[in-house]
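Here's coords_4.txt, which has compact mmCIF, C-alpha atoms and all ligand atoms:
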# COMPACT_ATOMS: atom_id res chain seq x y z
CA MET I 661 -71.70 112.12 -10.53
CA VAL I 662 -68.16 111.39 -9.43
CA MET I 663 -67.15 114.23 -7.17
CA PRO I 664 -63.54 115.41 -7.50
CA ALA I 665 -62.37 116.46 -4.02
CA SER I 666 -61.18 119.69 -5.59
CA THR I 667 -61.07 121.03 -9.09
CA ALA I 668 -57.99 123.14 -8.41
CA SER I 669 -54.91 122.24 -10.43
CA SER I 670 -51.35 123.31 -9.84
CA ALA I 671 -49.61 121.57 -12.69
CA ALA I 672 -46.61 123.87 -12.34
CA CYS I 673 -45.22 121.75 -9.56
CA ARG I 674 -44.95 117.97 -9.64
CA ASP I 675 -46.77 117.64 -6.30
CA THR I 676 -50.08 119.34 -6.87
CA ALA I 677 -52.62 120.79 -4.52
CA SER I 678 -53.67 118.16 -2.06
CA GLY I 679 -56.61 116.12 -3.28
CA ALA I 680 -56.91 117.75 -6.71
CA GLY I 681 -58.83 115.49 -9.07
CA ILE I 682 -59.35 112.57 -6.70
CA PRO I 683 -62.88 111.19 -7.17
CA THR I 684 -65.01 110.44 -4.14
CA VAL I 685 -67.67 107.76 -4.49
CA ASP I 686 -70.53 107.53 -2.00
CA MET I 687 -71.13 103.80 -1.60
CA SER I 688 -74.55 104.37 0.00
CA ALA I 689 -75.78 105.04 -3.56
CA PRO I 690 -77.78 108.23 -2.92
CA TRP I 691 -78.58 108.40 -6.66
CA GLY I 692 -79.29 104.67 -7.07
CA ARG I 693 -77.27 101.60 -7.98
CA ALA I 694 -76.98 102.25 -11.72
CA GLU I 695 -75.54 105.70 -11.06
CA LEU I 696 -73.13 104.27 -8.48
CA SER I 697 -71.78 101.70 -10.93
CA ARG I 698 -71.48 104.37 -13.62
CA GLN I 699 -69.49 106.58 -11.24
CA MET I 700 -67.12 103.75 -10.41
CA VAL I 701 -66.46 102.90 -14.03
CA GLU I 702 -65.90 106.58 -14.81
CA ALA I 703 -63.50 107.04 -11.87
CA PHE I 704 -61.53 103.91 -12.75
CA ALA I 705 -61.46 104.67 -16.49
CA GLU I 706 -60.25 108.24 -15.97
CA ARG I 707 -58.23 107.94 -12.78
CA GLY I 708 -57.82 104.26 -11.83
CA PHE I 709 -58.63 105.35 -8.29
CA PHE I 710 -61.35 106.60 -5.99
CA LYS I 711 -62.03 107.32 -2.36
CA ALA I 712 -64.94 105.26 -1.03
CA VAL I 713 -67.08 106.88 1.66
CA ASN I 714 -70.19 105.49 3.42
CA HIS I 715 -68.78 102.07 2.56
CA GLY I 716 -70.57 100.17 5.33
CA VAL I 717 -67.45 98.60 6.90
CA PRO I 718 -67.94 98.94 10.66
CA PRO I 719 -65.01 100.78 12.32
CA ARG I 720 -64.31 97.91 14.74
CA ALA I 721 -62.42 95.66 12.30
CA PRO I 722 -59.91 98.34 11.17
CA ALA I 723 -59.45 99.60 14.74
CA THR I 724 -58.72 96.10 16.07
CA LEU I 725 -56.26 95.34 13.29
CA ASP I 726 -54.53 98.73 13.67
CA ALA I 727 -54.04 98.05 17.39
CA ALA I 728 -52.64 94.56 16.72
CA THR I 729 -50.24 95.67 13.99
CA ALA I 730 -49.12 98.82 15.86
CA ALA I 731 -48.27 96.58 18.84
CA PHE I 732 -46.19 94.34 16.55
CA PHE I 733 -44.25 97.25 15.03
CA GLU I 734 -43.43 98.54 18.54
CA ARG I 735 -41.59 95.31 19.38
CA PRO I 736 -37.78 95.13 19.42
CA ALA I 737 -36.20 94.55 15.99
CA PRO I 738 -35.01 90.96 16.67
CA GLU I 739 -38.56 89.93 17.61
CA LYS I 740 -39.97 91.47 14.44
CA GLN I 741 -37.25 89.89 12.34
CA ALA I 742 -38.36 86.48 13.60
CA ALA I 743 -41.48 87.01 11.45
CA GLY I 744 -39.30 87.52 8.35
CA PRO I 745 -37.46 87.73 6.09
CA PRO I 746 -40.07 88.58 3.44
CA ASP I 747 -40.06 85.61 1.06
CA PRO I 748 -42.05 87.69 -0.19
CA LEU I 749 -44.50 87.09 2.69
CA GLY I 750 -43.51 87.94 6.23
CA TYR I 751 -41.83 90.88 7.96
CA GLY I 752 -39.51 93.16 6.01
CA SER I 753 -37.75 96.43 6.60
CA ARG I 754 -36.59 99.06 4.07
CA SER I 755 -35.86 96.60 1.28
CA ILE I 756 -38.79 96.01 -1.12
CA GLY I 757 -38.32 93.03 -3.44
CA SER I 758 -34.96 91.74 -4.56
CA HIS I 759 -33.96 94.43 -7.06
CA GLY I 760 -32.54 97.08 -4.80
CA ASP I 761 -35.78 99.02 -4.19
CA VAL I 762 -35.76 100.59 -0.75
CA GLY I 763 -38.18 102.74 1.22
CA GLU I 764 -38.46 104.31 4.64
CA LEU I 765 -40.80 101.66 6.00
CA GLU I 766 -41.22 98.29 7.63
CA TYR I 767 -44.03 95.97 6.66
CA LEU I 768 -45.83 92.71 7.20
CA THR I 769 -47.17 90.84 4.19
CA LEU I 770 -49.57 87.95 4.77
CA HIS I 771 -51.50 85.60 2.54
CA ALA I 772 -55.17 86.39 3.20
CA ASP I 773 -56.14 82.74 3.63
CA PRO I 774 -57.00 82.04 7.34
CA ALA I 775 -54.78 78.92 7.51
CA ALA I 776 -51.78 80.92 6.23
CA VAL I 777 -52.56 83.76 8.65
CA ALA I 778 -52.64 81.27 11.55
CA ARG I 779 -49.20 79.89 10.58
CA ARG I 780 -47.67 83.40 10.44
CA ALA I 781 -49.41 84.60 13.59
CA VAL I 782 -47.21 82.34 15.73
CA ALA I 783 -44.17 84.54 15.00
CA ILE I 784 -46.13 87.81 15.09
CA ASP I 785 -48.03 87.57 18.37
CA ARG I 786 -46.19 85.01 20.48
CA GLU I 787 -48.37 85.63 23.53
CA ASP I 788 -51.67 85.04 21.75
CA PRO I 789 -51.39 84.11 18.04
CA SER I 790 -55.13 83.53 17.74
CA ARG I 791 -55.77 87.14 18.83
CA PHE I 792 -53.74 88.33 15.85
CA SER I 793 -55.32 85.81 13.45
CA GLU I 794 -58.81 86.84 14.48
CA ALA I 795 -58.03 90.53 13.94
CA VAL I 796 -56.67 89.81 10.44
CA ASN I 797 -59.46 87.43 9.47
CA GLU I 798 -62.21 89.80 10.54
CA TYR I 799 -60.60 92.64 8.61
CA VAL I 800 -60.00 90.52 5.51
CA GLY I 801 -63.63 89.35 5.58
CA ALA I 802 -64.85 92.96 5.67
CA VAL I 803 -62.60 94.30 2.92
CA ARG I 804 -63.16 91.27 0.70
CA ARG I 805 -66.91 91.93 0.90
CA LEU I 806 -66.26 95.55 -0.03
CA ALA I 807 -64.01 94.48 -2.93
CA CYS I 808 -66.72 92.10 -4.22
CA GLN I 809 -69.37 94.79 -3.96
CA ILE I 810 -67.19 97.12 -6.02
CA LEU I 811 -66.31 94.44 -8.59
CA ASP I 812 -70.02 93.55 -9.03
CA LEU I 813 -70.88 97.22 -9.54
CA LEU I 814 -68.07 97.47 -12.08
CA GLY I 815 -69.41 94.35 -13.81
CA GLU I 816 -72.80 96.05 -14.10
CA GLY I 817 -71.32 99.36 -15.23
CA LEU I 818 -69.20 97.63 -17.87
CA GLY I 819 -72.28 95.78 -19.15
CA LEU I 820 -70.83 92.31 -18.57
CA GLU I 821 -73.11 89.42 -19.48
CA ASP I 822 -72.32 88.00 -16.03
CA PRO I 823 -71.90 91.08 -13.79
CA THR I 824 -70.41 88.90 -11.06
CA ALA I 825 -67.63 87.63 -13.35
CA LEU I 826 -65.01 89.85 -11.69
CA SER I 827 -65.90 89.14 -8.06
CA LYS I 828 -65.98 85.40 -8.82
CA ILE I 829 -62.28 85.54 -9.69
CA ILE I 830 -61.25 86.72 -6.23
CA THR I 831 -63.62 84.54 -4.17
CA VAL I 832 -62.30 81.16 -5.31
CA SER I 833 -61.02 79.02 -2.43
CA ASP I 834 -57.44 79.16 -3.75
CA SER I 835 -57.42 82.93 -4.31
CA ASP I 836 -53.90 84.38 -4.02
CA SER I 837 -55.09 87.56 -2.29
CA ILE I 838 -52.74 89.11 0.23
CA ILE I 839 -52.76 91.77 2.88
CA ARG I 840 -49.90 94.14 3.61
CA ILE I 841 -49.49 96.40 6.60
CA ASN I 842 -46.97 99.20 6.12
CA HIS I 843 -45.47 101.18 8.97
CA TYR I 844 -43.61 104.36 8.03
CA PRO I 845 -41.76 105.53 11.15
CA PRO I 846 -41.32 109.27 11.66
CA SER I 847 -38.17 110.46 9.96
CA SER I 848 -35.53 112.76 11.37
CA ALA I 849 -34.68 113.99 7.86
CA ALA I 850 -35.46 117.63 7.11
CA ALA I 851 -37.52 116.83 4.03
CA SER I 852 -39.90 113.98 3.34
CA SER I 853 -38.32 110.94 1.73
CA VAL I 854 -39.62 108.05 -0.33
CA GLY I 855 -41.58 105.68 1.87
CA PHE I 856 -42.69 103.35 -0.91
CA GLY I 857 -41.48 104.03 -4.43
CA GLU I 858 -43.54 104.53 -7.58
CA HIS I 859 -45.36 101.41 -8.78
CA SER I 860 -48.68 99.99 -9.91
CA ASP I 861 -50.30 97.14 -8.00
CA PRO I 862 -50.15 93.87 -9.92
CA GLN I 863 -53.37 92.23 -8.67
CA ILE I 864 -57.03 92.95 -9.53
CA LEU I 865 -58.17 95.49 -6.96
CA SER I 866 -56.47 97.16 -4.00
CA VAL I 867 -58.42 98.32 -0.95
CA LEU I 868 -56.31 100.68 1.16
CA ARG I 869 -56.95 102.22 4.52
CA ALA I 870 -54.50 104.32 6.50
CA ASN I 871 -54.33 106.35 9.69
CA ASP I 872 -54.57 110.15 9.73
CA VAL I 873 -51.11 110.76 8.30
CA ASP I 874 -50.74 111.94 4.69
CA GLY I 875 -48.19 110.36 2.37
CA LEU I 876 -50.00 108.52 -0.42
CA GLN I 877 -49.63 110.16 -3.83
CA VAL I 878 -51.17 109.10 -7.14
CA LEU I 879 -49.98 109.93 -10.63
CA LEU I 880 -52.82 111.61 -12.50
CA PRO I 881 -53.10 113.28 -15.89
CA ASP I 882 -53.04 117.07 -15.49
CA GLY I 883 -55.18 117.70 -18.58
CA ARG I 884 -52.25 119.22 -20.44
CA GLY I 885 -50.69 115.99 -21.63
CA GLN I 886 -48.56 115.47 -18.54
CA ASP I 887 -48.86 113.35 -15.42
CA THR I 888 -48.62 114.95 -12.00
CA TRP I 889 -48.20 113.53 -8.50
CA VAL I 890 -51.29 114.33 -6.48
CA GLN I 891 -51.27 114.15 -2.71
CA VAL I 892 -54.17 112.05 -1.36
CA PRO I 893 -55.36 113.69 1.88
CA ALA I 894 -55.51 111.15 4.71
CA ASP I 895 -58.96 109.99 5.82
CA PRO I 896 -58.99 107.07 8.26
CA ALA I 897 -62.77 106.70 7.88
CA ALA I 898 -62.50 106.08 4.11
CA PHE I 899 -61.12 103.34 1.91
CA PHE I 900 -59.01 104.18 -1.13
CA ILE I 901 -59.63 101.81 -4.01
CA ASN I 902 -57.38 101.32 -7.00
CA VAL I 903 -57.28 99.28 -10.17
CA GLY I 904 -54.49 96.70 -10.40
CA ASP I 905 -52.69 95.50 -13.53
CA LEU I 906 -54.89 92.41 -13.88
CA LEU I 907 -58.09 94.46 -13.92
CA GLN I 908 -56.58 96.67 -16.61
CA ALA I 909 -55.81 93.53 -18.65
CA LEU I 910 -59.26 91.99 -18.02
CA THR I 911 -60.97 95.18 -19.21
CA ASN I 912 -58.66 95.50 -22.21
CA GLY I 913 -57.24 98.76 -20.89
CA ARG I 914 -60.60 100.44 -20.26
CA LEU I 915 -59.89 100.65 -16.51
CA VAL I 916 -56.41 101.90 -15.72
CA SER I 917 -53.96 100.56 -13.18
CA ILE I 918 -52.78 103.69 -11.43
CA ARG I 919 -49.18 104.42 -10.47
CA HIS I 920 -48.73 105.57 -6.91
CA ARG I 921 -46.10 106.05 -4.21
CA VAL I 922 -45.79 107.09 -0.56
CA MET I 923 -43.70 109.98 0.67
CA ALA I 924 -42.79 109.43 4.32
CA SER I 925 -43.79 112.13 6.76
CA THR I 926 -41.04 113.76 8.77
CA SER I 927 -42.97 113.96 12.02
CA LYS I 928 -45.69 111.33 12.48
CA PRO I 929 -45.78 107.57 11.86
CA ARG I 930 -48.06 106.38 9.05
CA LEU I 931 -49.80 103.02 9.28
CA SER I 932 -51.53 101.68 6.18
CA THR I 933 -53.23 98.37 5.43
CA ILE I 934 -53.84 97.20 1.90
CA TYR I 935 -55.90 94.21 0.77
CA PHE I 936 -54.75 93.11 -2.67
CA ALA I 937 -57.60 91.09 -4.21
CA ALA I 938 -56.12 88.46 -6.52
CA PRO I 939 -57.21 85.41 -8.52
CA ALA I 940 -55.91 81.87 -8.10
CA LEU I 941 -52.37 81.35 -9.40
CA HIS I 942 -53.60 79.20 -12.30
CA ALA I 943 -56.33 81.67 -13.37
CA LEU I 944 -56.00 82.72 -16.99
CA ILE I 945 -56.24 86.47 -17.42
CA SER I 946 -57.68 87.41 -20.78
CA ALA I 947 -59.70 90.44 -21.87
CA LEU I 948 -63.43 89.99 -21.16
CA PRO I 949 -65.31 89.53 -24.46
CA GLU I 950 -67.46 92.64 -23.84
CA THR I 951 -64.32 94.82 -23.78
CA VAL I 952 -62.85 93.65 -27.10
CA THR I 953 -64.37 95.35 -30.14
CA SER I 954 -63.27 96.39 -33.61
CA ASP I 955 -62.59 99.86 -32.18
CA ALA I 956 -60.81 98.40 -29.15
CA PRO I 957 -58.86 95.36 -30.35
CA ARG I 958 -57.19 93.06 -27.85
CA ARG I 959 -54.35 94.93 -26.11
CA TYR I 960 -52.75 92.16 -24.09
CA ARG I 961 -52.07 88.53 -24.76
CA PRO I 962 -53.63 86.12 -22.24
CA PHE I 963 -51.45 85.03 -19.33
CA THR I 964 -51.83 83.26 -16.02
CA TRP I 965 -51.48 85.09 -12.72
CA ALA I 966 -48.64 82.67 -11.87
CA GLU I 967 -46.77 83.69 -15.03
CA TYR I 968 -47.32 87.40 -14.35
CA LYS I 969 -46.22 87.05 -10.74
CA LYS I 970 -43.09 85.10 -11.65
CA ASN I 971 -42.06 87.76 -14.16
CA MET I 972 -42.86 90.50 -11.67
CA TYR I 973 -40.29 89.15 -9.23
CA THR I 974 -37.58 89.57 -11.87
CA LEU I 975 -38.40 93.28 -12.31
CA SER I 976 -37.88 96.43 -10.29
CA LEU I 977 -40.80 98.00 -8.42
CA SER I 978 -41.44 100.76 -10.95
CA HIS I 979 -41.39 98.57 -14.06
CA ASN I 980 -44.40 98.89 -16.37
CA ARG I 981 -45.03 95.13 -16.33
CA LEU I 982 -48.18 95.04 -18.45
CA GLU I 983 -46.26 96.31 -21.44
CA LEU I 984 -44.52 92.91 -21.57
CA TYR I 985 -47.89 91.38 -22.42
CA ASN I 986 -48.74 93.81 -25.18
CA ALA I 987 -50.64 91.86 -27.85
CA VAL I 988 -48.60 93.54 -30.58
CA ASN I 989 -45.47 91.91 -29.19
CA ALA I 990 -47.10 88.51 -28.69
CA ASP I 991 -46.17 85.55 -30.84
CA ALA I 992 -48.97 85.52 -33.44
CA GLY I 993 -48.46 81.82 -34.15
CA GLU I 994 -49.01 80.72 -30.57
CA ALA I 995 -52.36 79.13 -29.72
CA ARG I 996 -54.17 81.43 -27.28
CA PRO I 997 -57.61 81.26 -25.69
CA ARG I 998 -59.95 83.83 -27.24
CA SER I 999 -61.30 85.70 -24.23
CA GLY I 1000 -62.74 85.56 -20.73
CA ILE I 1001 -61.42 84.09 -17.52
CA ALA I 1002 -60.56 80.44 -17.07
CA SER I 1003 -59.23 79.01 -13.88
O1 LIG T 1101 -48.77 102.63 2.31
C1 LIG T 1101 -49.49 103.11 1.46
O2 LIG T 1101 -50.28 104.03 1.67
C2 LIG T 1101 -49.46 102.52 0.06
C3 LIG T 1101 -48.43 101.45 -0.05
C4 LIG T 1101 -48.48 100.72 -1.35
O3 LIG T 1101 -48.69 101.30 -2.38
C5 LIG T 1101 -48.26 99.28 -1.36
O4 LIG T 1101 -48.03 98.69 -0.29
O5 LIG T 1101 -48.32 98.68 -2.47

Show me, as structure tokens, the structure contained in the file I just sent.
Amino acid sequence: MVMPASTASSAACRDTASGAGIPTVDMSAPWGRAELSRQMVEAFAERGFFKAVNHGVPPRAPATLDAATAAFFERPAPEKQAAGPPDPLGYGSRSIGSHGDVGELEYLTLHADPAAVARRAVAIDREDPSRFSEAVNEYVGAVRRLACQILDLLGEGLGLEDPTALSKIITVSDSDSIIRINHYPPSSAAASSVGFGEHSDPQILSVLRANDVDGLQVLLPDGRGQDTWVQVPADPAAFFINVGDLLQALTNGRLVSIRHRVMASTSKPRLSTIYFAAPALHALISALPETVTSDAPRRYRPFTWAEYKKNMYTLSLSHNRLELYNAVNADAGEARPRSGIAS
């Protein structure tokens, strides 16, 4: 059973009771593997999101990376700026993308590939770049394993002919996966302000971990036909997992890419690290055959990750990008692959 953290609902206000309706999934599979995969599919189909506990990632990797990134964010602004501007990788502050989106944060975005991390590390930890690279690589290795475990369980729960089809997409040598570390400094404003505006993640799966400061909110259905922002209570020992746009497209809309945002705290700094598991740029994203039926016809036209990403950079953060790939709007005369993933 997927366990909602609380069943309380306070739909009257846009920001509901903390934790209402957020599923928690125990990755140690106390009820067996089949039940675990069923829980994950249910959580992602209904919420697009779950909190993973007993996930098996040893605390050392997150602690080491937190220490390394906190040290970077403490450096004087000119030193941090030397690791930017975000192109879109690198150090950035306040500005998110090139369409005027701003938030009360600074961030580091890195390609997850070790060679790319090593190149960036030179500007991030000038005293000992390999110390920084090692911290990132160890963390990426741990969260990628977790992401693959989850994707394989989803493959089983969805009844895919090849249950490893989803994890195979993110483990290719030219995977475009990235890691972002967000630092939300304490604010002097009286009320909380937007740290990171409303959006969905474009990739396949996001694996988020943060310190003990609240701020993450997810947009969930309130059961009365409306969506409500739900505060996700901080839990540094857990990982928060969400569906990205590509996984929604691959599952023909069965799993939903959740919209979320961060409200910056007024008193304490928030540090979050997100691994965005992505395919190779040339991978063709097309609904898996098992998810296309006469009752559930194809919802999105096939597209490559490169095409999706290029379009994404022309849009604002909150844009509902997948709608641009709606099969109903697609050119019916254009030759398209039938289904599956090609890369
Ligand atoms: O910082 C967080 O908790 C989430 C940030 C986020 O949604 C993102 O970086 O895409």

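Straight-line separation from atom CA of I:Val713 to atom CA of I:Ala909: 26.8 Å.
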
Got a sec: who's within 10 Å of I:Phe900, counting only C-alpha atoms, leaving out chain neighbours fewer than 3 positions off, as an mmCIF file with C-alpha atoms, in the coordinates of the input?
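Ended up saving to selection.cif:
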data_model
loop_
_atom_site.group_PDB
_atom_site.id
_atom_site.type_symbol
_atom_site.label_atom_id
_atom_site.label_comp_id
_atom_site.auth_asym_id
_atom_site.auth_seq_id
_atom_site.Cartn_x
_atom_site.Cartn_y
_atom_site.Cartn_z
ATOM 1 C CA THR I 684 -65.010 110.440 -4.140
ATOM 2 C CA VAL I 685 -67.670 107.760 -4.490
ATOM 3 C CA PHE I 709 -58.630 105.350 -8.290
ATOM 4 C CA PHE I 710 -61.350 106.600 -5.990
ATOM 5 C CA LYS I 711 -62.030 107.320 -2.360
ATOM 6 C CA ALA I 712 -64.940 105.260 -1.030
ATOM 7 C CA VAL I 713 -67.080 106.880 1.660
ATOM 8 C CA SER I 866 -56.470 97.160 -4.000
ATOM 9 C CA VAL I 867 -58.420 98.320 -0.950
ATOM 10 C CA LEU I 868 -56.310 100.680 1.160
ATOM 11 C CA ARG I 869 -56.950 102.220 4.520
ATOM 12 C CA ALA I 870 -54.500 104.320 6.500
ATOM 13 C CA VAL I 892 -54.170 112.050 -1.360
ATOM 14 C CA ALA I 894 -55.510 111.150 4.710
ATOM 15 C CA ASP I 895 -58.960 109.990 5.820
ATOM 16 C CA PRO I 896 -58.990 107.070 8.260
ATOM 17 C CA ILE I 934 -53.840 97.200 1.900
#

> Which residues come within 10 Å of I:Tyr968, counting only C-alpha atoms, excluding same-chain residues fewer than 2 positions away, as JSON, numbers by chain?
Replying inline: {"I": [862, 863, 905, 906, 941, 945, 963, 964, 965, 966, 970, 971, 972, 973, 981, 982, 984, 985]}

>> Give me, as an MDAnalysis selection string, all polymer residues having an atom no more than 6 Å from stretch 772-778 of chain I, counting only C-alpha atoms and skipping those fewer than 4 positions away in the same chain.
In response: chainID I and resid 793 837:839

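Distances from I:Arg735, I:Arg919, I:Arg754, I:His942 to ligand LIG 1101 (chain T) were compared using all atoms listed in the file, and the smallest one belongs to I:Arg919.
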
Go through chain I residue by residue and, counting all atoms listed in the file, keep those with an atom at most 6 Å from ligand LIG 1101 (chain T); for each kept residue give the shortest atom pair and its distance in Å to one decimal, ordered by chain and increasing number, as a tab-separated table.
residue	atom	partner	partner_atom	distance
I:Asn842	CA	T:LIG1101	O1	5.4
I:Leu876	CA	T:LIG1101	O2	5.0
I:Arg921	CA	T:LIG1101	O3	5.7
I:Val922	CA	T:LIG1101	C1	5.8
I:Ser932	CA	T:LIG1101	O1	4.8

> Between I:Lys969, I:Arg693, I:Gly716, I:Ala938, which is the closest to I:Pro748 once you count all atoms listed in the file?
Replying inline: I:Lys969

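Take the candidates I:Asp686, I:Pro957, I:Gln741, I:Gly857 and check each one against I:Gln699 using all atoms listed in the file; the shortest distance goes to I:Asp686.
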
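Between atom CA of I:Tyr751 and atom CA of I:Ser835 lies a distance of 21.4 Å.
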
List every residue of stretch 876-968 of chain I that has an atom at most 12 Å from any atom of stretch 812-822 of chain I, and for each one report the closest atom pair and its distance in Å to one decimal, counting all atoms listed in the file, with rows sorted by chain and then by increasing residue number, as a tab-separated table.
residue	atom	partner	partner_atom	distance
I:Val903	CA	I:Leu814	CA	11.1
I:Leu907	CA	I:Leu814	CA	10.6
I:Leu910	CA	I:Gly815	CA	11.2
I:Thr911	CA	I:Leu818	CA	8.7
I:Asn912	CA	I:Leu818	CA	11.6
I:Arg914	CA	I:Leu818	CA	9.4
I:Leu915	CA	I:Leu814	CA	9.8
I:Ala947	CA	I:Leu820	CA	11.8
I:Leu948	CA	I:Leu820	CA	8.2
I:Pro949	CA	I:Leu820	CA	8.5
I:Glu950	CA	I:Leu820	CA	6.3
I:Thr951	CA	I:Leu818	CA	8.2
I:Val952	CA	I:Leu820	CA	11.8

> What separation in Å, quoted to one decimal, exists between atom CA of I:Val803 and atom CA of I:Phe899?
Replying inline: 9.2 Å

Student task, stretch 758-781 of chain I output with N, CA and C atoms as a PDB file, in the first residue's frame:
ATOM      1  N   SER I 758      16.538  31.889 -19.838  1.00  0.00           N
ATOM      2  CA  SER I 758      16.738  33.187 -20.496  1.00  0.00           C
ATOM      3  C   SER I 758      15.413  33.875 -20.825  1.00  0.00           C
ATOM      4  N   HIS I 759      14.368  33.561 -20.037  1.00  0.00           N
ATOM      5  CA  HIS I 759      13.058  34.154 -20.321  1.00  0.00           C
ATOM      6  C   HIS I 759      12.502  34.952 -19.157  1.00  0.00           C
ATOM      7  N   GLY I 760      13.421  35.481 -18.368  1.00  0.00           N
ATOM      8  CA  GLY I 760      13.009  36.396 -17.293  1.00  0.00           C
ATOM      9  C   GLY I 760      12.556  35.712 -16.016  1.00  0.00           C
ATOM     10  N   ASP I 761      12.675  34.374 -15.926  1.00  0.00           N
ATOM     11  CA  ASP I 761      12.304  33.698 -14.672  1.00  0.00           C
ATOM     12  C   ASP I 761      13.380  33.968 -13.627  1.00  0.00           C
ATOM     13  N   VAL I 762      12.931  34.368 -12.444  1.00  0.00           N
ATOM     14  CA  VAL I 762      13.892  34.615 -11.366  1.00  0.00           C
ATOM     15  C   VAL I 762      13.429  33.924 -10.093  1.00  0.00           C
ATOM     16  N   GLY I 763      14.375  33.622  -9.228  1.00  0.00           N
ATOM     17  CA  GLY I 763      14.059  33.007  -7.942  1.00  0.00           C
ATOM     18  C   GLY I 763      15.086  33.424  -6.928  1.00  0.00           C
ATOM     19  N   GLU I 764      14.726  33.251  -5.660  1.00  0.00           N
ATOM     20  CA  GLU I 764      15.647  33.627  -4.575  1.00  0.00           C
ATOM     21  C   GLU I 764      16.620  32.484  -4.306  1.00  0.00           C
ATOM     22  N   LEU I 765      17.511  32.255  -5.283  1.00  0.00           N
ATOM     23  CA  LEU I 765      18.473  31.161  -5.106  1.00  0.00           C
ATOM     24  C   LEU I 765      19.739  31.404  -5.904  1.00  0.00           C
ATOM     25  N   GLU I 766      20.735  30.617  -5.608  1.00  0.00           N
ATOM     26  CA  GLU I 766      21.905  30.477  -6.475  1.00  0.00           C
ATOM     27  C   GLU I 766      22.073  28.980  -6.702  1.00  0.00           C
ATOM     28  N   TYR I 767      22.714  28.611  -7.768  1.00  0.00           N
ATOM     29  CA  TYR I 767      22.761  27.181  -8.099  1.00  0.00           C
ATOM     30  C   TYR I 767      23.992  26.828  -8.920  1.00  0.00           C
ATOM     31  N   LEU I 768      24.274  25.546  -8.915  1.00  0.00           N
ATOM     32  CA  LEU I 768      25.345  24.979  -9.732  1.00  0.00           C
ATOM     33  C   LEU I 768      24.705  23.863 -10.543  1.00  0.00           C
ATOM     34  N   THR I 769      24.839  23.893 -11.843  1.00  0.00           N
ATOM     35  CA  THR I 769      24.314  22.804 -12.662  1.00  0.00           C
ATOM     36  C   THR I 769      25.485  22.155 -13.386  1.00  0.00           C
ATOM     37  N   LEU I 770      25.565  20.833 -13.264  1.00  0.00           N
ATOM     38  CA  LEU I 770      26.700  20.099 -13.842  1.00  0.00           C
ATOM     39  C   LEU I 770      26.195  18.932 -14.669  1.00  0.00           C
ATOM     40  N   HIS I 771      26.862  18.664 -15.779  1.00  0.00           N
ATOM     41  CA  HIS I 771      26.593  17.424 -16.491  1.00  0.00           C
ATOM     42  C   HIS I 771      27.073  16.298 -15.588  1.00  0.00           C
ATOM     43  N   ALA I 772      26.339  15.181 -15.533  1.00  0.00           N
ATOM     44  CA  ALA I 772      26.679  14.119 -14.580  1.00  0.00           C
ATOM     45  C   ALA I 772      27.854  13.252 -15.026  1.00  0.00           C
ATOM     46  N   ASP I 773      28.301  13.433 -16.258  1.00  0.00           N
ATOM     47  CA  ASP I 773      29.413  12.641 -16.775  1.00  0.00           C
ATOM     48  C   ASP I 773      30.722  13.028 -16.052  1.00  0.00           C
ATOM     49  N   PRO I 774      31.506  12.039 -15.544  1.00  0.00           N
ATOM     50  CA  PRO I 774      32.706  12.366 -14.759  1.00  0.00           C
ATOM     51  C   PRO I 774      33.694  13.285 -15.480  1.00  0.00           C
ATOM     52  N   ALA I 775      33.846  13.145 -16.808  1.00  0.00           N
ATOM     53  CA  ALA I 775      34.804  14.007 -17.517  1.00  0.00           C
ATOM     54  C   ALA I 775      34.322  15.463 -17.481  1.00  0.00           C
ATOM     55  N   ALA I 776      33.003  15.655 -17.628  1.00  0.00           N
ATOM     56  CA  ALA I 776      32.445  17.018 -17.584  1.00  0.00           C
ATOM     57  C   ALA I 776      32.560  17.587 -16.175  1.00  0.00           C
ATOM     58  N   VAL I 777      32.341  16.736 -15.168  1.00  0.00           N
ATOM     59  CA  VAL I 777      32.460  17.194 -13.771  1.00  0.00           C
ATOM     60  C   VAL I 777      33.899  17.662 -13.522  1.00  0.00           C
ATOM     61  N   ALA I 778      34.863  16.876 -14.003  1.00  0.00           N
ATOM     62  CA  ALA I 778      36.280  17.223 -13.784  1.00  0.00           C
ATOM     63  C   ALA I 778      36.609  18.578 -14.415  1.00  0.00           C
ATOM     64  N   ARG I 779      36.062  18.840 -15.602  1.00  0.00           N
ATOM     65  CA  ARG I 779      36.342  20.142 -16.263  1.00  0.00           C
ATOM     66  C   ARG I 779      35.778  21.291 -15.435  1.00  0.00           C
ATOM     67  N   ARG I 780      34.549  21.127 -14.928  1.00  0.00           N
ATOM     68  CA  ARG I 780      33.914  22.196 -14.139  1.00  0.00           C
ATOM     69  C   ARG I 780      34.574  22.383 -12.777  1.00  0.00           C
ATOM     70  N   ALA I 781      35.062  21.270 -12.225  1.00  0.00           N
ATOM     71  CA  ALA I 781      35.576  21.299 -10.849  1.00  0.00           C
ATOM     72  C   ALA I 781      36.731  22.290 -10.697  1.00  0.00           C
TER      73      ALA I 781
END
